[in-house]
>>> print(open('coords37.txt').read())   # compact mmCIF, C-alpha atoms and all ligand atoms
# COMPACT_ATOMS: atom_id res chain seq x y z
CA MET I 1 97.37 72.42 93.90
CA GLU I 2 99.96 74.35 91.91
CA LYS I 3 100.27 78.04 92.75
CA LYS I 4 98.96 80.36 90.05
CA LEU I 5 101.71 82.37 88.39
CA PRO I 6 101.23 86.16 88.45
CA VAL I 7 100.30 87.91 85.22
CA LEU I 8 102.76 90.76 84.64
CA TRP I 9 102.05 93.83 82.52
CA ILE I 10 105.03 96.04 81.70
CA VAL I 11 103.79 99.63 81.31
CA ILE I 12 105.87 101.87 79.04
CA PRO I 13 105.14 105.56 78.38
CA CYS I 14 106.25 106.71 74.93
CA TYR I 15 106.45 110.23 73.60
CA ASN I 16 108.08 110.76 70.20
CA GLU I 17 110.10 107.59 70.56
CA GLN I 18 110.19 106.31 66.97
CA ALA I 19 113.98 106.06 67.16
CA VAL I 20 114.11 103.77 70.21
CA LEU I 21 110.91 101.73 70.12
CA PRO I 22 111.97 99.32 67.37
CA ILE I 23 115.14 98.60 69.38
CA THR I 24 113.74 98.30 72.89
CA ALA I 25 110.35 96.66 72.16
CA PRO I 26 111.91 93.23 71.37
CA MET I 27 113.97 93.54 74.57
CA PHE I 28 110.79 93.84 76.65
CA LEU I 29 109.22 90.89 74.84
CA ASP I 30 112.35 88.79 75.44
CA LYS I 31 112.18 89.70 79.10
CA ILE I 32 108.63 88.46 79.65
CA THR I 33 109.37 85.34 77.60
CA GLN I 34 112.42 84.62 79.74
CA LEU I 35 110.59 85.28 83.03
CA ALA I 36 107.73 83.03 81.89
CA GLN I 37 110.17 80.26 80.92
CA GLU I 38 111.78 80.48 84.36
CA GLY I 39 108.35 79.95 85.87
CA LEU I 40 108.28 83.34 87.64
CA ILE I 41 105.36 84.86 85.75
CA SER I 42 102.42 83.65 83.68
CA PRO I 43 102.84 83.29 79.89
CA GLU I 44 99.72 85.50 79.70
CA SER I 45 101.92 88.51 80.60
CA ARG I 46 101.92 91.55 78.32
CA VAL I 47 103.91 94.62 77.26
CA LEU I 48 101.68 97.71 77.28
CA PHE I 49 102.84 100.84 75.44
CA VAL I 50 101.17 104.13 76.28
CA ASN I 51 101.43 106.60 73.44
CA ASP I 52 101.45 110.05 75.04
CA GLY I 53 100.16 112.02 72.06
CA SER I 54 103.35 111.62 70.03
CA LYS I 55 103.79 113.78 66.97
CA ASP I 56 105.94 111.27 65.09
CA THR I 57 105.19 107.68 64.00
CA THR I 58 105.31 106.22 67.56
CA TRP I 59 101.62 105.15 67.48
CA GLU I 60 102.00 103.51 64.06
CA ILE I 61 104.98 101.58 65.40
CA ILE I 62 103.02 100.50 68.49
CA SER I 63 100.03 99.39 66.37
CA GLY I 64 102.41 97.45 64.13
CA LEU I 65 103.97 95.73 67.15
CA ALA I 66 100.50 94.81 68.47
CA ASP I 67 99.62 93.24 65.10
CA SER I 68 102.88 91.31 64.98
CA ASP I 69 102.71 89.68 68.43
CA PRO I 70 99.79 89.21 70.85
CA HIS I 71 102.09 90.02 73.79
CA PHE I 72 102.34 93.64 72.64
CA LEU I 73 99.45 95.97 73.44
CA GLY I 74 99.01 99.70 73.07
CA ILE I 75 96.80 102.52 74.28
CA SER I 76 96.92 106.06 73.01
CA GLN I 77 96.18 109.23 74.94
CA SER I 78 93.99 111.79 73.23
CA ARG I 79 96.88 114.31 73.44
CA ASN I 80 100.23 114.82 75.12
CA ARG I 81 99.73 115.07 78.87
CA GLY I 82 103.18 114.36 80.20
CA HIS I 83 105.09 111.40 81.51
CA GLN I 84 103.33 111.07 84.89
CA ASN I 85 99.85 111.05 83.36
CA ALA I 86 100.95 108.56 80.70
CA VAL I 87 102.27 106.18 83.35
CA LEU I 88 99.05 106.58 85.35
CA ALA I 89 96.89 105.84 82.29
CA GLY I 90 98.91 102.68 81.67
CA LEU I 91 98.79 101.50 85.27
CA MET I 92 95.07 102.13 85.65
CA THR I 93 94.37 100.20 82.45
CA ALA I 94 96.73 97.36 83.34
CA LYS I 95 95.34 96.81 86.83
CA GLU I 96 92.10 95.48 85.33
CA TYR I 97 93.90 92.61 83.63
CA CYS I 98 96.99 91.68 85.60
CA ASP I 99 98.39 90.82 89.03
CA ILE I 100 101.54 92.94 88.85
CA THR I 101 102.74 95.91 86.79
CA ILE I 102 106.23 97.20 86.18
CA SER I 103 106.51 100.74 84.83
CA ILE I 104 109.67 101.59 82.92
CA ASP I 105 110.77 104.20 80.35
CA CYS I 106 111.07 103.02 76.78
CA ASP I 107 114.58 104.38 76.15
CA GLY I 108 116.55 101.47 77.61
CA GLN I 109 118.16 103.65 80.31
CA ASP I 110 116.81 101.56 83.14
CA ASP I 111 118.26 98.06 83.26
CA ILE I 112 115.45 95.67 82.35
CA ASN I 113 117.33 92.80 83.97
CA ALA I 114 116.42 94.31 87.35
CA MET I 115 112.90 93.01 86.64
CA ASP I 116 113.95 89.46 87.58
CA GLU I 117 114.78 90.58 91.10
CA MET I 118 111.65 92.75 91.28
CA VAL I 119 109.42 89.78 90.46
CA ARG I 120 111.27 87.59 92.97
CA GLN I 121 110.72 90.23 95.66
CA TYR I 122 107.03 90.23 94.76
CA LEU I 123 106.88 86.45 95.04
CA ASP I 124 108.52 86.86 98.47
CA GLY I 125 105.63 89.04 99.58
CA CYS I 126 106.47 92.65 98.61
CA GLU I 127 103.66 94.61 96.97
CA ILE I 128 105.82 97.54 95.76
CA VAL I 129 109.43 97.19 94.57
CA TYR I 130 111.29 100.42 93.81
CA GLY I 131 114.02 100.37 91.18
CA VAL I 132 116.88 102.48 92.53
CA ARG I 133 119.87 103.66 90.51
CA SER I 134 123.03 102.56 92.21
CA ARG I 135 125.35 104.54 89.95
CA ARG I 136 124.97 107.46 87.61
CA ASP I 137 128.31 107.15 85.80
CA THR I 138 126.71 107.32 82.38
CA ASP I 139 124.81 110.54 83.10
CA THR I 140 126.61 113.79 82.43
CA TRP I 141 128.11 115.56 85.44
CA PHE I 142 125.43 118.23 85.18
CA LYS I 143 122.52 115.76 85.04
CA ARG I 144 123.95 113.84 87.98
CA VAL I 145 124.42 116.88 90.20
CA THR I 146 121.05 118.42 89.35
CA ALA I 147 119.25 115.10 89.76
CA GLU I 148 120.88 114.37 93.11
CA SER I 149 120.19 117.86 94.44
CA PHE I 150 116.61 117.27 93.34
CA TYR I 151 116.18 114.29 95.68
CA LYS I 152 117.88 116.14 98.55
CA LEU I 153 115.72 119.22 98.09
CA MET I 154 112.58 117.10 97.88
CA ASN I 155 113.30 115.38 101.17
CA ASP I 156 114.34 118.61 102.89
CA MET I 157 111.07 120.16 101.80
CA GLY I 158 109.03 117.36 103.30
CA ALA I 159 108.15 115.29 100.22
CA GLU I 160 109.20 111.75 101.04
CA VAL I 161 110.82 110.17 98.01
CA VAL I 162 113.00 107.10 97.64
CA TYR I 163 116.49 108.41 96.89
CA ASN I 164 117.50 107.94 93.23
CA HIS I 165 114.26 106.19 92.36
CA ALA I 166 112.48 107.43 89.25
CA ASP I 167 109.43 105.73 87.83
CA TYR I 168 110.86 102.23 87.39
CA ARG I 169 108.90 100.15 89.88
CA LEU I 170 106.86 97.05 90.38
CA VAL I 171 103.40 97.64 91.81
CA SER I 172 100.81 94.92 92.44
CA ALA I 173 97.22 95.27 91.22
CA LYS I 174 96.15 95.23 94.88
CA VAL I 175 98.15 98.41 95.56
CA LEU I 176 96.90 100.00 92.34
CA GLN I 177 93.32 99.35 93.45
CA ALA I 178 94.03 101.37 96.61
CA PHE I 179 96.00 103.92 94.60
CA SER I 180 93.03 104.56 92.31
CA CYS I 181 91.37 106.30 95.29
CA TYR I 182 94.06 108.99 95.17
CA LYS I 183 92.19 111.35 92.90
CA GLU I 184 94.59 114.31 92.75
CA VAL I 185 95.35 115.83 89.37
CA ASN I 186 98.80 117.08 90.43
CA LEU I 187 100.65 113.84 89.94
CA PHE I 188 103.98 112.98 91.46
CA LEU I 189 103.89 109.21 91.38
CA ARG I 190 107.23 108.51 93.04
CA GLY I 191 106.14 110.55 96.06
CA MET I 192 102.60 109.16 96.12
CA PHE I 193 103.26 105.42 96.13
CA PRO I 194 105.09 105.49 99.49
CA LEU I 195 101.95 107.11 100.94
CA VAL I 196 99.78 104.13 99.98
CA GLY I 197 101.79 101.87 102.28
CA PHE I 198 101.97 98.05 101.84
CA LYS I 199 105.17 96.01 102.14
CA SER I 200 107.86 97.47 99.89
CA THR I 201 111.54 97.13 99.10
CA SER I 202 114.17 98.42 96.67
CA VAL I 203 116.18 96.77 93.93
CA TYR I 204 119.43 98.38 92.78
CA TYR I 205 120.63 98.70 89.18
CA ALA I 206 123.08 100.72 87.11
CA ARG I 207 121.57 103.30 84.80
CA HIS I 208 122.59 103.22 81.14
CA GLU I 209 122.71 105.87 78.48
CA ARG I 210 119.71 106.46 76.26
CA ILE I 211 119.85 103.99 73.38
CA ALA I 212 118.65 106.54 70.82
CA GLY I 213 116.62 109.74 70.58
CA GLU I 214 116.79 112.62 73.02
CA SER I 215 115.80 113.25 76.63
CA HIS I 216 112.46 115.01 77.15
CA TYR I 217 113.58 116.26 80.53
CA PRO I 218 115.74 119.34 80.09
CA LEU I 219 116.63 121.41 83.17
CA SER I 220 113.50 123.56 82.89
CA LYS I 221 111.22 120.48 83.01
CA MET I 222 113.23 118.99 85.88
CA LEU I 223 112.79 122.20 87.87
CA GLY I 224 109.08 122.11 87.07
CA LEU I 225 108.85 118.53 88.28
CA ALA I 226 110.74 119.42 91.48
CA MET I 227 108.41 122.34 92.14
CA ASP I 228 105.31 120.20 91.45
CA GLY I 229 106.71 117.41 93.58
CA ILE I 230 107.36 119.64 96.56
CA THR I 231 104.16 121.65 96.40
CA SER I 232 101.93 118.65 95.82
CA MET I 233 103.49 116.58 98.59
CA SER I 234 104.07 119.13 101.36
CA THR I 235 103.25 122.61 102.65
CA LYS I 236 106.66 123.10 104.22
CA PRO I 237 107.63 126.01 101.90
CA ILE I 238 104.71 128.07 103.24
CA ARG I 239 105.91 127.40 106.76
CA LEU I 240 109.45 128.37 105.79
CA ILE I 241 108.15 131.70 104.49
CA THR I 242 106.30 132.29 107.73
CA GLY I 243 109.48 131.54 109.66
CA PHE I 244 111.47 133.85 107.44
CA GLY I 245 108.83 136.56 107.82
CA VAL I 246 109.12 136.35 111.61
CA LEU I 247 112.91 136.62 111.37
CA VAL I 248 112.77 139.67 109.09
CA ALA I 249 110.17 141.27 111.37
CA LEU I 250 112.48 140.79 114.38
CA ILE I 251 115.42 142.32 112.55
CA SER I 252 113.20 145.21 111.39
CA PHE I 253 112.11 145.79 114.98
CA VAL I 254 115.75 146.20 116.04
CA GLY I 255 116.24 148.52 113.06
CA VAL I 256 113.27 150.68 114.06
CA ILE I 257 114.59 151.09 117.62
CA TRP I 258 118.03 151.89 116.29
CA SER I 259 116.70 154.54 113.89
CA ILE I 260 114.67 156.25 116.65
CA VAL I 261 117.67 156.27 118.97
CA ALA I 262 119.89 157.61 116.17
CA HIS I 263 117.33 160.33 115.43
CA PHE I 264 117.35 161.60 119.02
CA MET I 265 121.12 161.36 119.27
CA GLY I 266 121.33 163.54 116.17
CA VAL I 267 123.46 161.04 114.22
CA ALA I 268 120.86 160.17 111.58
CA VAL I 269 122.38 160.68 108.10
CA ALA I 270 120.84 160.78 104.62
CA GLY I 271 121.28 156.97 104.16
CA TRP I 272 119.77 156.71 100.69
CA SER I 273 121.72 153.59 99.68
CA SER I 274 120.81 151.61 102.78
CA MET I 275 117.15 152.55 102.31
CA VAL I 276 117.12 151.36 98.74
CA CYS I 277 118.86 148.10 99.65
CA ILE I 278 116.36 147.32 102.38
CA LEU I 279 113.40 148.21 100.16
CA CYS I 280 114.64 146.01 97.33
CA PHE I 281 115.37 143.15 99.67
CA LEU I 282 111.98 143.26 101.33
CA GLY I 283 110.24 143.71 97.99
CA GLY I 284 111.99 140.62 96.67
CA ILE I 285 111.15 138.55 99.71
CA GLN I 286 107.50 139.58 99.54
CA LEU I 287 107.23 138.67 95.88
CA LEU I 288 108.86 135.32 96.55
CA GLY I 289 106.41 134.70 99.39
CA ILE I 290 103.43 135.60 97.23
CA GLY I 291 104.80 133.40 94.45
CA VAL I 292 105.07 130.34 96.67
CA ILE I 293 101.61 130.87 98.13
CA GLY I 294 100.30 131.48 94.61
CA GLU I 295 101.71 128.12 93.58
CA TYR I 296 99.54 126.45 96.21
CA VAL I 297 96.50 128.52 95.30
CA GLY I 298 97.00 127.45 91.68
CA LYS I 299 97.30 123.81 92.70
CA THR I 300 94.11 124.07 94.75
CA TYR I 301 92.36 125.65 91.74
CA MET I 302 93.40 122.80 89.48
CA GLU I 303 92.32 120.22 92.05
CA THR I 304 88.87 121.76 92.50
CA LYS I 305 88.17 121.39 88.77
CA LYS I 306 88.63 117.61 89.00
CA ARG I 307 89.48 117.35 85.33
CA PRO I 308 90.38 113.91 84.00
CA ARG I 309 94.05 113.03 84.28
CA TYR I 310 94.05 110.91 81.18
CA ILE I 311 91.76 110.19 78.28
CA ILE I 312 92.44 107.10 76.23
CA SER I 313 91.32 107.59 72.66
CA GLU I 314 92.55 104.34 71.11
CA LYS I 315 93.37 100.79 72.14
CA THR I 316 94.93 98.02 70.10
CA TRP I 317 92.53 95.44 71.53
CA GLU I 318 88.77 95.12 71.92
CA ASP I 319 86.74 94.50 75.05
CA GLN I 320 83.32 95.90 75.74
CA ASP I 321 83.05 95.62 79.51
CA LYS I 322 86.03 97.82 80.48
CA THR I 323 85.03 101.07 78.78
CA ASP I 324 84.82 102.90 82.13
CA THR I 325 88.61 102.73 82.46
CA LEU I 326 89.16 104.88 79.37
CA ILE I 327 88.88 108.13 81.32
CA GLY I 328 90.30 108.66 84.75
N1 LIG R 1 107.51 110.74 78.09
C1 LIG R 1 106.13 110.79 77.97
N2 LIG R 1 105.51 112.02 77.83
C2 LIG R 1 106.22 113.20 77.83
C3 LIG R 1 107.65 113.11 77.98
C4 LIG R 1 108.24 111.88 78.12
O1 LIG R 1 105.45 109.75 77.97
O2 LIG R 1 105.61 114.26 77.68
C5 LIG R 1 108.17 109.40 78.24
C6 LIG R 1 109.32 109.13 77.30
O3 LIG R 1 108.89 108.58 76.09
C7 LIG R 1 110.18 108.15 78.09
C8 LIG R 1 109.93 108.58 79.53
O4 LIG R 1 108.72 109.36 79.52
O5 LIG R 1 109.77 106.82 77.95
C9 LIG R 1 111.07 109.37 80.13
O6 LIG R 1 111.45 110.44 79.30
P1 LIG R 1 112.97 110.77 78.96
O7 LIG R 1 113.73 109.52 78.69
O8 LIG R 1 112.95 111.78 77.86
O9 LIG R 1 113.47 111.45 80.31
P2 LIG R 1 114.89 111.24 81.08
O10 LIG R 1 115.11 109.75 81.19
O11 LIG R 1 115.91 111.90 80.26
O12 LIG R 1 114.68 111.88 82.42
MG MG R 2 115.28 108.56 79.70
>>> encode(input="coords37.txt", output="structure tokens")
Amino acid sequence: MEKKLPVLWIVIPCYNEQAVLPITAPMFLDKITQLAQEGLISPESRVLFVNDGSKDTTWEIISGLADSDPHFLGISQSRNRGHQNAVLAGLMTAKEYCDITISIDCDGQDDINAMDEMVRQYLDGCEIVYGVRSRRDTDTWFKRVTAESFYKLMNDMGAEVVYNHADYRLVSAKVLQAFSCYKEVNLFLRGMFPLVGFKSTSVYYARHERIAGESHYPLSKMLGLAMDGITSMSTKPIRLITGFGVLVALISFVGVIWSIVAHFMGVAVAGWSSMVCILCFLGGIQLLGIGVIGEYVGKTYMETKKRPRYIISEKTWEDQDKTDTLIG
């Protein structure tokens, strides 16, 4: 009997992407057509756009695409919730219909030709295939340095991430089924998938420049993502603070002995400047410590609420029996 070809759904988060969608959408369609012709995937494969509460005409464009070709599908989030939640909404919807998903940004920065190799790796038995950027020549110097320090910092802080892997990856529906049991609201997908396990590998590709439009990840958002990534994947920063507290306490102990000795030897001087310096330093360290712990308390607070991570308000296709996947 002939082996059944896997149904692939490409999941694409879109936020205010009216400038790029008309250019990249046909590229995704061509890709699934080509892969289907080569006999790697089923012709029933689809391109799923996730509108992340865009304020421009992105959703109109997606609806238009869905009307023009049955391979295009779209879901819309009830409001903007951020890239990670948009990808999750797409993956959780797709897993009900397909065998494999590939998540990719819609701006053409990630080389879609890497999908061929990803699918081949899946057919060879891998359940997760990470897309890894081999070069960053097209990124600005600043973006490259900040992004690379990001991965280093993440790993140093105990959050395991695949170096230079963003959210371009193939994940099988089997893995997504297991992944749906990870209920946390603080999402950091690239750190969470390695935790699920299963056989995985990496595929390397060169990253291009954005075809049109602007990046939604300025430095402030990148720092936010790094902070979320570290604090949702590991508690190492709290331990570092404890270690630092012990060190400062030891130094203070030596200082106390020294000041008592100096007092009795009669060499104690006014020392206003040194006092102020020490006070400021310790004050700063304490605030930093409270801030880091506060970050975890905040995360715990958000987790205890168990609010939905995505709410799908519109779909470009009808089916009655899958309504429970609209909120998750
Ligand atoms: N995106 C999203 N919601 C947001 C911000 C971004 O769905 O709130 C999408 C965006 O449309 C794009 C992807 O996430 O497909 C990555 O964003 P971007 O290209 O701006 O980030 P960069 O590649 O510069 O890091
Ligand atoms: Mg981009």
>>> closest_residue(input="coords37.txt", among="I:Cys126, I:Ala86, I:Leu153, I:Ala212", to="ligand MG 2 (chain R)", atoms="only C-alpha atoms and all ligand atoms")
I:Ala212
>>> closest_residue(input="coords37.txt", among="I:Ala147, I:Ile41, I:Val196, I:Val203", to="ligand LIG 1 (chain R)", atoms="only C-alpha atoms and all ligand atoms")
I:Ala147
>>> closest_residue(input="coords37.txt", among="I:Asp116, I:Asp110, I:Asp139, I:Glu148", to="Asn164 of chain I", atoms="all atoms listed in the file")
I:Glu148
>>> residues_near_ligand(input="coords37.txt", ligand="ligand LIG 1 (chain R)", cutoff="8 Å", atoms="all atoms listed in the file", output="PyMOL selection string")
chain I and resi 12-17+50-53+80-87+104-107+109+210+214-218
>>> closest_atom_pairs(input="coords37.txt", of="segment 152-220 of chain I", to="segment 283-307 of chain I", cutoff="9 Å", atoms="all atoms listed in the file", output="tab-separated table")
residue	atom	partner	partner_atom	distance
I:Lys183	CA	I:Lys306	CA	8.2
I:Glu184	CA	I:Glu303	CA	6.4
I:Val185	CA	I:Glu303	CA	6.0
I:Asn186	CA	I:Lys299	CA	7.3
>>> atom_distance(input="coords37.txt", atom1="atom CA of Met275 of chain I", atom2="atom CA of Ala249 of chain I")
16.1 Å
>>> closest_residue(input="coords37.txt", among="I:Phe253, I:Phe193, I:Trp59, I:Tyr204", to="Arg79 of chain I", atoms="only C-alpha atoms")
I:Trp59
>>> closest_residue(input="coords37.txt", among="I:Trp317, I:Phe188, I:Tyr310, I:Tyr168", to="ligand MG 2 (chain R)", atoms="only C-alpha atoms and all ligand atoms")
I:Tyr168
>>> atom_distance(input="coords37.txt", atom1="atom CA of Val11 of chain I", atom2="atom CA of Leu176 of chain I")
13.0 Å
>>> atom_distance(input="coords37.txt", atom1="atom CA of Arg169 of chain I", atom2="atom CA of Phe198 of chain I")
14.0 Å
>>> closest_residue(input="coords37.txt", among="I:Leu282, I:Ile211, I:Leu170, I:Ile32", to="ligand MG 2 (chain R)", atoms="all atoms listed in the file")
I:Ile211
>>> residues_near_point(input="coords37.txt", point="(103.2, 90.2, 73.1)", cutoff="10 Å", atoms="all atoms listed in the file", output="NGL selection string")
:I and (25-26 or 28-30 or 32-33 or 43-48 or 65-73)
>>> residues_around(input="coords37.txt", residues="Ser259 of chain I", least_positions_apart="6", cutoff="12 Å", atoms="all atoms listed in the file", output="list in words")
Ser252, Phe253, Met265, Gly266, Val267, Ala268, Val269, Ala270, Gly271 and Met275 of chain I
>>> residues_around(input="coords37.txt", residues="Arg190 of chain I", least_positions_apart="3", cutoff="10 Å", atoms="all atoms listed in the file", output="VMD selection string")
chain I and resid 84 130 159 to 162 165 to 169 187 193 to 195 229
>>> build_atoms(input="coords37.txt", residues="segment 257-279 of chain I", atoms="N, CA, C and O atoms", output="mmCIF file, keeping the file's coordinate frame")
data_model
loop_
_atom_site.group_PDB
_atom_site.id
_atom_site.type_symbol
_atom_site.label_atom_id
_atom_site.label_comp_id
_atom_site.auth_asym_id
_atom_site.auth_seq_id
_atom_site.Cartn_x
_atom_site.Cartn_y
_atom_site.Cartn_z
ATOM 1 N N ILE I 257 114.086 150.540 116.354
ATOM 2 C CA ILE I 257 114.590 151.090 117.620
ATOM 3 C C ILE I 257 115.885 151.866 117.370
ATOM 4 O O ILE I 257 116.058 153.000 117.829
ATOM 5 N N TRP I 258 116.745 151.242 116.567
ATOM 6 C CA TRP I 258 118.030 151.890 116.290
ATOM 7 C C TRP I 258 117.825 153.244 115.593
ATOM 8 O O TRP I 258 118.430 154.244 115.949
ATOM 9 N N SER I 259 116.880 153.286 114.633
ATOM 10 C CA SER I 259 116.700 154.540 113.890
ATOM 11 C C SER I 259 116.119 155.634 114.788
ATOM 12 O O SER I 259 116.479 156.802 114.663
ATOM 13 N N ILE I 260 115.239 155.237 115.726
ATOM 14 C CA ILE I 260 114.670 156.250 116.650
ATOM 15 C C ILE I 260 115.770 156.790 117.562
ATOM 16 O O ILE I 260 115.932 158.010 117.735
ATOM 17 N N VAL I 261 116.569 155.860 118.085
ATOM 18 C CA VAL I 261 117.670 156.270 118.970
ATOM 19 C C VAL I 261 118.620 157.199 118.211
ATOM 20 O O VAL I 261 118.991 158.280 118.690
ATOM 21 N N ALA I 262 118.956 156.814 116.964
ATOM 22 C CA ALA I 262 119.890 157.610 116.170
ATOM 23 C C ALA I 262 119.327 158.996 115.908
ATOM 24 O O ALA I 262 120.044 159.996 115.929
ATOM 25 N N HIS I 263 117.976 159.040 115.687
ATOM 26 C CA HIS I 263 117.330 160.330 115.430
ATOM 27 C C HIS I 263 117.527 161.278 116.617
ATOM 28 O O HIS I 263 117.922 162.426 116.464
ATOM 29 N N PHE I 264 117.234 160.732 117.836
ATOM 30 C CA PHE I 264 117.350 161.600 119.020
ATOM 31 C C PHE I 264 118.780 161.925 119.379
ATOM 32 O O PHE I 264 119.055 162.941 119.986
ATOM 33 N N MET I 265 119.709 161.060 118.994
ATOM 34 C CA MET I 265 121.120 161.360 119.270
ATOM 35 C C MET I 265 121.697 162.297 118.228
ATOM 36 O O MET I 265 122.830 162.743 118.323
ATOM 37 N N GLY I 266 120.883 162.601 117.201
ATOM 38 C CA GLY I 266 121.330 163.540 116.170
ATOM 39 C C GLY I 266 122.369 162.973 115.231
ATOM 40 O O GLY I 266 123.105 163.721 114.587
ATOM 41 N N VAL I 267 122.455 161.597 115.123
ATOM 42 C CA VAL I 267 123.460 161.040 114.220
ATOM 43 C C VAL I 267 122.827 160.452 112.949
ATOM 44 O O VAL I 267 123.492 159.792 112.170
ATOM 45 N N ALA I 268 121.515 160.712 112.764
ATOM 46 C CA ALA I 268 120.860 160.170 111.580
ATOM 47 C C ALA I 268 121.365 160.877 110.323
ATOM 48 O O ALA I 268 121.360 162.105 110.250
ATOM 49 N N VAL I 269 121.850 160.086 109.341
ATOM 50 C CA VAL I 269 122.380 160.680 108.100
ATOM 51 C C VAL I 269 121.440 160.367 106.946
ATOM 52 O O VAL I 269 120.480 159.614 107.094
ATOM 53 N N ALA I 270 121.718 160.907 105.779
ATOM 54 C CA ALA I 270 120.840 160.780 104.620
ATOM 55 C C ALA I 270 120.479 159.309 104.344
ATOM 56 O O ALA I 270 119.306 158.964 104.213
ATOM 57 N N GLY I 271 121.499 158.425 104.256
ATOM 58 C CA GLY I 271 121.280 156.970 104.160
ATOM 59 C C GLY I 271 120.421 156.500 103.000
ATOM 60 O O GLY I 271 119.608 155.582 103.141
ATOM 61 N N TRP I 272 120.594 157.100 101.840
ATOM 62 C CA TRP I 272 119.770 156.710 100.690
ATOM 63 C C TRP I 272 120.060 155.259 100.266
ATOM 64 O O TRP I 272 119.144 154.478 100.059
ATOM 65 N N SER I 273 121.339 154.922 100.164
ATOM 66 C CA SER I 273 121.720 153.590 99.680
ATOM 67 C C SER I 273 121.150 152.488 100.571
ATOM 68 O O SER I 273 120.588 151.497 100.088
ATOM 69 N N SER I 274 121.295 152.674 101.895
ATOM 70 C CA SER I 274 120.810 151.610 102.780
ATOM 71 C C SER I 274 119.294 151.474 102.666
ATOM 72 O O SER I 274 118.750 150.373 102.677
ATOM 73 N N MET I 275 118.609 152.580 102.478
ATOM 74 C CA MET I 275 117.150 152.550 102.310
ATOM 75 C C MET I 275 116.761 151.723 101.088
ATOM 76 O O MET I 275 115.899 150.850 101.146
ATOM 77 N N VAL I 276 117.442 152.038 99.989
ATOM 78 C CA VAL I 276 117.120 151.360 98.740
ATOM 79 C C VAL I 276 117.389 149.861 98.858
ATOM 80 O O VAL I 276 116.579 149.030 98.434
ATOM 81 N N CYS I 277 118.517 149.527 99.492
ATOM 82 C CA CYS I 277 118.860 148.100 99.650
ATOM 83 C C CYS I 277 117.765 147.385 100.429
ATOM 84 O O CYS I 277 117.296 146.312 100.040
ATOM 85 N N ILE I 278 117.359 147.968 101.539
ATOM 86 C CA ILE I 278 116.360 147.320 102.380
ATOM 87 C C ILE I 278 115.031 147.177 101.628
ATOM 88 O O ILE I 278 114.392 146.126 101.645
ATOM 89 N N LEU I 279 114.660 148.258 100.917
ATOM 90 C CA LEU I 279 113.400 148.210 100.160
ATOM 91 C C LEU I 279 113.422 147.095 99.124
ATOM 92 O O LEU I 279 112.472 146.320 98.998
#
